[in-house]
Amino acid sequence: NAGVTQTPKFRVLKTGQSMTLLCAQDMNHEYMYWYRQDPGMGLRLIHYSVGEGTTAKGEVPDGYNVSRLKKQNFLLGLESAAPSQTSVYFCASKRGQGGEQYFGPGTRLTVT
Amino acid sequence: AQSVTQPDIHITVSEGASLELRCNYSYGATPYLFWYVQSPGQGLQLLLKYFSGDTLVQGIKGFEAEFKRSQSSFNLRKPSVHWSDAAEYFCAVAPTDSWGKLQFGSGTQVVVTP
């Protein structure tokens, strides 16, 4: 099992450009999450999904959109990137309501 | 408001010495409690978790944590630190009815000196 994988690992964008981050998991997990990590702030939840076709807002959803068309994939989109979105983005998945979250290796995004 | 506090931003410890990292939370009811470790440039790895039962929890890599309801704390400990324990450590909590949405503390950076 690869676990949770994220594509790409690094990306540099100019302000106003768009991009999509892909998260894939091969553990048949129902729940998936997108976090951003900024220095001194821990991880903050952007959006999450409790099953295929569902999405919900987390703590810091503004400027991001997500889709969960397939159970194994959770996409995070930035329609018009801003320098404030420079961060490290982590995806995670979980089997059900209890249990632990498994994290991907992260995507480092820089917006200039 | 719900919160998770890690009071120590940075801790330096000698190899072989003991380590204790503090975590306090403020929630209406006892949440699920977790400790994660993040090595430089890596994702997060779960060290241990507390859902219910025995308040002393054993985890991987020789770590343990103690849940103290009266103090709303879940402190992480290791009796003897190895150089490979240098990393950032995050306490996280999840309300038991919140679809598992984790709330993270701001992290504690651990430096291990020879």
# chains A, B, ... in the order shown; residues from 1 in each chain; ligands from 1

$ residues_around --residues "stretch 86-93 of chain A" --least-positions-apart "3" --cutoff "6 Å" --atoms "only C-alpha atoms" --output "ChimeraX atom specification"
/A:31-38,83,101-104,106-111

$ interface_residues --of "chain A" --to "chain B" --cutoff "7 Å" --atoms "only C-alpha atoms" --output "VMD selection string"
chain A and resid 40 to 43 97 to 98 103 to 106

$ write_last_selection --atoms "N, CA, C and O atoms" --output "mmCIF file, in the first residue's frame"
data_model
loop_
_atom_site.group_PDB
_atom_site.id
_atom_site.type_symbol
_atom_site.label_atom_id
_atom_site.label_comp_id
_atom_site.auth_asym_id
_atom_site.auth_seq_id
_atom_site.Cartn_x
_atom_site.Cartn_y
_atom_site.Cartn_z
ATOM 1 N N GLY A 40 4.392 28.289 13.289
ATOM 2 C CA GLY A 40 3.830 28.757 14.547
ATOM 3 C C GLY A 40 2.333 28.606 14.677
ATOM 4 O O GLY A 40 1.750 29.055 15.668
ATOM 5 N N MET A 41 1.683 27.959 13.678
ATOM 6 C CA MET A 41 0.218 27.868 13.727
ATOM 7 C C MET A 41 -0.280 26.424 13.660
ATOM 8 O O MET A 41 -1.477 26.183 13.605
ATOM 9 N N GLY A 42 0.617 25.475 13.667
ATOM 10 C CA GLY A 42 0.168 24.101 13.549
ATOM 11 C C GLY A 42 -0.499 23.867 12.207
ATOM 12 O O GLY A 42 -0.238 24.564 11.228
ATOM 13 N N LEU A 43 -1.371 22.885 12.148
ATOM 14 C CA LEU A 43 -2.127 22.595 10.931
ATOM 15 C C LEU A 43 -3.555 23.100 11.106
ATOM 16 O O LEU A 43 -4.156 22.926 12.170
ATOM 17 N N GLN A 97 -15.523 7.275 11.675
ATOM 18 C CA GLN A 97 -15.620 8.368 12.628
ATOM 19 C C GLN A 97 -14.594 8.242 13.743
ATOM 20 O O GLN A 97 -14.055 9.228 14.207
ATOM 21 N N GLY A 98 -14.315 7.048 14.198
ATOM 22 C CA GLY A 98 -13.228 6.877 15.158
ATOM 23 C C GLY A 98 -11.928 6.652 14.422
ATOM 24 O O GLY A 98 -11.878 6.688 13.214
ATOM 25 N N PHE A 103 -1.532 10.759 7.186
ATOM 26 C CA PHE A 103 -1.153 11.955 6.447
ATOM 27 C C PHE A 103 -0.280 11.634 5.247
ATOM 28 O O PHE A 103 0.545 10.711 5.281
ATOM 29 N N GLY A 104 -0.436 12.450 4.202
ATOM 30 C CA GLY A 104 0.456 12.409 3.073
ATOM 31 C C GLY A 104 1.727 13.182 3.379
ATOM 32 O O GLY A 104 1.851 13.804 4.430
ATOM 33 N N PRO A 105 2.676 13.184 2.432
ATOM 34 C CA PRO A 105 3.982 13.813 2.669
ATOM 35 C C PRO A 105 3.975 15.333 2.508
ATOM 36 O O PRO A 105 4.965 15.980 2.863
ATOM 37 N N GLY A 106 2.905 15.890 1.971
ATOM 38 C CA GLY A 106 2.811 17.350 1.872
ATOM 39 C C GLY A 106 3.175 17.884 0.498
ATOM 40 O O GLY A 106 3.906 17.245 -0.282
#

$ residues_around --residues "B:Ala1" --least-positions-apart "5" --cutoff "10 Å" --atoms "only C-alpha atoms" --output "VMD selection string"
chain B and resid 26 to 28

$ write_last_selection --atoms "N, CA, C and O atoms" --output "CSV table (one decimal), in the first residue's frame"
chain,number,residue,atom,x,y,z
B,26,SER,N,-9.0,22.9,25.8
B,26,SER,CA,-10.2,23.5,26.4
B,26,SER,C,-11.4,23.1,25.5
B,26,SER,O,-11.5,23.6,24.4
B,27,TYR,N,-12.2,22.2,26.0
B,27,TYR,CA,-13.3,21.6,25.3
B,27,TYR,C,-14.4,21.4,26.3
B,27,TYR,O,-14.2,21.2,27.4
B,28,GLY,N,-15.6,21.3,25.7
B,28,GLY,CA,-16.8,21.1,26.6
B,28,GLY,C,-16.8,19.7,27.2
B,28,GLY,O,-17.1,19.5,28.4

$ closest_residue --among "B:Phe67, B:Trp35, B:Phe74, B:Tyr25" --to "B:Leu47" --atoms "only C-alpha atoms"
B:Trp35

$ residues_around --residues "B:Asp54" --least-positions-apart "2" --cutoff "12 Å" --atoms "only C-alpha atoms" --output "ChimeraX atom specification"
/B:49-52,56-58,64-69

$ atom_distance --atom1 "atom CA of A:Ile46" --atom2 "atom CA of B:Ile60"
28.5 Å

$ select_by_dssp --residues "stretch 14-108 of chain A" --states "strand (DSSP E or B)" --output "JSON, numbers by chain"
{"A": [19, 20, 21, 22, 23, 24, 25, 31, 32, 33, 34, 35, 36, 37, 43, 44, 45, 46, 47, 48, 49, 56, 57, 65, 66, 67, 73, 74, 75, 76, 77, 78, 87, 88, 89, 90, 91, 92, 93, 94, 102, 103, 107, 108]}

$ residues_around --residues "A:Asn73" --least-positions-apart "4" --cutoff "10 Å" --atoms "only C-alpha atoms" --output "ChimeraX atom specification"
/A:4-6,22-26,32,52,67-69

$ write_last_selection --atoms "C-alpha atoms" --output "tab-separated table (two decimals), in the first residue's frame"
chain	number	residue	atom	x	y	z
A	4	VAL	CA	-1.70	8.67	1.14
A	5	THR	CA	0.09	10.31	-1.77
A	6	GLN	CA	0.11	13.95	-2.87
A	22	LEU	CA	-4.26	15.92	-5.90
A	23	CYS	CA	-4.54	13.62	-2.92
A	24	ALA	CA	-4.94	9.90	-3.42
A	25	GLN	CA	-5.37	7.10	-0.88
A	26	ASP	CA	-5.44	3.36	-1.43
A	32	MET	CA	-10.46	12.77	3.66
A	52	GLU	CA	-17.58	10.18	-2.15
A	67	SER	CA	-14.01	17.91	-5.05
A	68	ARG	CA	-14.40	14.22	-4.18
A	69	LEU	CA	-15.66	12.59	-7.35

$ residues_around --residues "stretch 56-60 of chain A" --least-positions-apart "4" --cutoff "8 Å" --atoms "only C-alpha atoms" --output "VMD selection string"
chain A and resid 44 to 49

$ atom_distance --atom1 "atom CA of A:Asn28" --atom2 "atom CA of B:Val93"
23.7 Å

$ residues_around --residues "B:Val111" --least-positions-apart "2" --cutoff "9 Å" --atoms "only C-alpha atoms" --output "PDB file with C-alpha atoms, in the first residue's frame"
ATOM      1  CA  HIS B  10      11.067  25.151  21.514  1.00  0.00           C
ATOM      2  CA  ILE B  11      12.782  22.643  23.828  1.00  0.00           C
ATOM      3  CA  THR B  12      16.437  21.645  23.868  1.00  0.00           C
ATOM      4  CA  VAL B  13      17.333  18.372  25.537  1.00  0.00           C
ATOM      5  CA  SER B  14      20.532  16.350  25.851  1.00  0.00           C
ATOM      6  CA  TRP B  83      19.201  12.076  18.495  1.00  0.00           C
ATOM      7  CA  ASP B  85      13.839  12.267  18.247  1.00  0.00           C
ATOM      8  CA  ALA B  86      14.723  15.751  17.050  1.00  0.00           C
ATOM      9  CA  ALA B  87      11.539  16.869  15.311  1.00  0.00           C
ATOM     10  CA  GLU B  88       8.420  18.937  15.740  1.00  0.00           C
ATOM     11  CA  GLN B 109      10.255  21.980  18.220  1.00  0.00           C
ATOM     12  CA  THR B 113      22.184  17.953  21.724  1.00  0.00           C
TER      13      THR B 113
END

$ closest_residue --among "A:Arg95, A:Glu100, A:Ser18, A:Gly3" --to "A:Val50" --atoms "only C-alpha atoms"
A:Arg95

$ atom_distance --atom1 "atom CA of B:Val112" --atom2 "atom CA of B:Ser84"
8.1 Å

$ decode --residues "stretch 16-38 of chain B" --atoms "N, CA, C and O atoms" --output "PDB file, in the first residue's frame"
ATOM      1  N   GLY B  16      19.845  11.201  25.804  1.00  0.00           N
ATOM      2  CA  GLY B  16      19.817  10.377  27.003  1.00  0.00           C
ATOM      3  C   GLY B  16      18.995  10.945  28.130  1.00  0.00           C
ATOM      4  O   GLY B  16      18.631  10.231  29.071  1.00  0.00           O
ATOM      5  N   ALA B  17      18.698  12.220  28.072  1.00  0.00           N
ATOM      6  CA  ALA B  17      17.882  12.849  29.111  1.00  0.00           C
ATOM      7  C   ALA B  17      16.406  12.569  28.840  1.00  0.00           C
ATOM      8  O   ALA B  17      16.011  12.139  27.755  1.00  0.00           O
ATOM      9  N   SER B  18      15.597  12.862  29.843  1.00  0.00           N
ATOM     10  CA  SER B  18      14.151  12.670  29.682  1.00  0.00           C
ATOM     11  C   SER B  18      13.537  13.894  29.015  1.00  0.00           C
ATOM     12  O   SER B  18      14.094  14.993  29.032  1.00  0.00           O
ATOM     13  N   LEU B  19      12.366  13.656  28.437  1.00  0.00           N
ATOM     14  CA  LEU B  19      11.666  14.703  27.701  1.00  0.00           C
ATOM     15  C   LEU B  19      10.204  14.717  28.116  1.00  0.00           C
ATOM     16  O   LEU B  19       9.581  13.653  28.253  1.00  0.00           O
ATOM     17  N   GLU B  20       9.653  15.888  28.336  1.00  0.00           N
ATOM     18  CA  GLU B  20       8.220  16.019  28.557  1.00  0.00           C
ATOM     19  C   GLU B  20       7.711  17.211  27.769  1.00  0.00           C
ATOM     20  O   GLU B  20       8.225  18.320  27.897  1.00  0.00           O
ATOM     21  N   LEU B  21       6.697  16.971  26.958  1.00  0.00           N
ATOM     22  CA  LEU B  21       6.060  18.025  26.173  1.00  0.00           C
ATOM     23  C   LEU B  21       4.641  18.216  26.686  1.00  0.00           C
ATOM     24  O   LEU B  21       3.897  17.247  26.858  1.00  0.00           O
ATOM     25  N   ARG B  22       4.281  19.478  26.880  1.00  0.00           N
ATOM     26  CA  ARG B  22       2.997  19.791  27.488  1.00  0.00           C
ATOM     27  C   ARG B  22       1.919  20.071  26.447  1.00  0.00           C
ATOM     28  O   ARG B  22       2.206  20.658  25.395  1.00  0.00           O
ATOM     29  N   CYS B  23       0.712  19.667  26.782  1.00  0.00           N
ATOM     30  CA  CYS B  23      -0.447  19.952  25.936  1.00  0.00           C
ATOM     31  C   CYS B  23      -1.644  20.160  26.851  1.00  0.00           C
ATOM     32  O   CYS B  23      -1.951  19.314  27.692  1.00  0.00           O
ATOM     33  N   ASN B  24      -2.329  21.263  26.668  1.00  0.00           N
ATOM     34  CA  ASN B  24      -3.563  21.534  27.394  1.00  0.00           C
ATOM     35  C   ASN B  24      -4.668  21.838  26.393  1.00  0.00           C
ATOM     36  O   ASN B  24      -4.422  22.412  25.339  1.00  0.00           O
ATOM     37  N   TYR B  25      -5.872  21.449  26.722  1.00  0.00           N
ATOM     38  CA  TYR B  25      -6.985  21.682  25.803  1.00  0.00           C
ATOM     39  C   TYR B  25      -8.147  22.290  26.565  1.00  0.00           C
ATOM     40  O   TYR B  25      -8.270  22.148  27.791  1.00  0.00           O
ATOM     41  N   SER B  26      -8.992  22.942  25.810  1.00  0.00           N
ATOM     42  CA  SER B  26     -10.200  23.528  26.372  1.00  0.00           C
ATOM     43  C   SER B  26     -11.364  23.110  25.498  1.00  0.00           C
ATOM     44  O   SER B  26     -11.526  23.594  24.366  1.00  0.00           O
ATOM     45  N   TYR B  27     -12.152  22.162  26.000  1.00  0.00           N
ATOM     46  CA  TYR B  27     -13.297  21.633  25.262  1.00  0.00           C
ATOM     47  C   TYR B  27     -14.425  21.394  26.251  1.00  0.00           C
ATOM     48  O   TYR B  27     -14.194  21.241  27.438  1.00  0.00           O
ATOM     49  N   GLY B  28     -15.638  21.347  25.744  1.00  0.00           N
ATOM     50  CA  GLY B  28     -16.777  21.117  26.615  1.00  0.00           C
ATOM     51  C   GLY B  28     -16.773  19.729  27.222  1.00  0.00           C
ATOM     52  O   GLY B  28     -17.084  19.548  28.387  1.00  0.00           O
ATOM     53  N   ALA B  29     -16.398  18.736  26.454  1.00  0.00           N
ATOM     54  CA  ALA B  29     -16.339  17.364  26.933  1.00  0.00           C
ATOM     55  C   ALA B  29     -14.992  16.792  26.524  1.00  0.00           C
ATOM     56  O   ALA B  29     -14.333  17.317  25.641  1.00  0.00           O
ATOM     57  N   THR B  30     -14.584  15.733  27.168  1.00  0.00           N
ATOM     58  CA  THR B  30     -13.288  15.148  26.839  1.00  0.00           C
ATOM     59  C   THR B  30     -13.268  14.705  25.384  1.00  0.00           C
ATOM     60  O   THR B  30     -14.085  13.893  24.963  1.00  0.00           O
ATOM     61  N   PRO B  31     -12.324  15.256  24.623  1.00  0.00           N
ATOM     62  CA  PRO B  31     -12.227  14.865  23.208  1.00  0.00           C
ATOM     63  C   PRO B  31     -11.315  13.666  23.036  1.00  0.00           C
ATOM     64  O   PRO B  31     -10.736  13.166  23.997  1.00  0.00           O
ATOM     65  N   TYR B  32     -11.185  13.214  21.799  1.00  0.00           N
ATOM     66  CA  TYR B  32     -10.121  12.282  21.466  1.00  0.00           C
ATOM     67  C   TYR B  32      -8.816  13.079  21.437  1.00  0.00           C
ATOM     68  O   TYR B  32      -8.783  14.224  21.006  1.00  0.00           O
ATOM     69  N   LEU B  33      -7.737  12.459  21.866  1.00  0.00           N
ATOM     70  CA  LEU B  33      -6.453  13.155  22.020  1.00  0.00           C
ATOM     71  C   LEU B  33      -5.367  12.419  21.261  1.00  0.00           C
ATOM     72  O   LEU B  33      -5.326  11.182  21.278  1.00  0.00           O
ATOM     73  N   PHE B  34      -4.477  13.170  20.636  1.00  0.00           N
ATOM     74  CA  PHE B  34      -3.446  12.588  19.785  1.00  0.00           C
ATOM     75  C   PHE B  34      -2.133  13.353  19.962  1.00  0.00           C
ATOM     76  O   PHE B  34      -2.125  14.541  20.259  1.00  0.00           O
ATOM     77  N   TRP B  35      -1.038  12.635  19.732  1.00  0.00           N
ATOM     78  CA  TRP B  35       0.259  13.264  19.537  1.00  0.00           C
ATOM     79  C   TRP B  35       0.817  12.785  18.199  1.00  0.00           C
ATOM     80  O   TRP B  35       0.861  11.579  17.937  1.00  0.00           O
ATOM     81  N   TYR B  36       1.277  13.770  17.396  1.00  0.00           N
ATOM     82  CA  TYR B  36       1.919  13.489  16.122  1.00  0.00           C
ATOM     83  C   TYR B  36       3.336  14.032  16.154  1.00  0.00           C
ATOM     84  O   TYR B  36       3.625  15.018  16.833  1.00  0.00           O
ATOM     85  N   VAL B  37       4.210  13.402  15.341  1.00  0.00           N
ATOM     86  CA  VAL B  37       5.570  13.886  15.187  1.00  0.00           C
ATOM     87  C   VAL B  37       5.812  14.167  13.714  1.00  0.00           C
ATOM     88  O   VAL B  37       5.321  13.459  12.834  1.00  0.00           O
ATOM     89  N   GLN B  38       6.555  15.252  13.470  1.00  0.00           N
ATOM     90  CA  GLN B  38       6.891  15.626  12.091  1.00  0.00           C
ATOM     91  C   GLN B  38       8.398  15.847  12.002  1.00  0.00           C
ATOM     92  O   GLN B  38       8.929  16.792  12.589  1.00  0.00           O
TER      93      GLN B  38
END
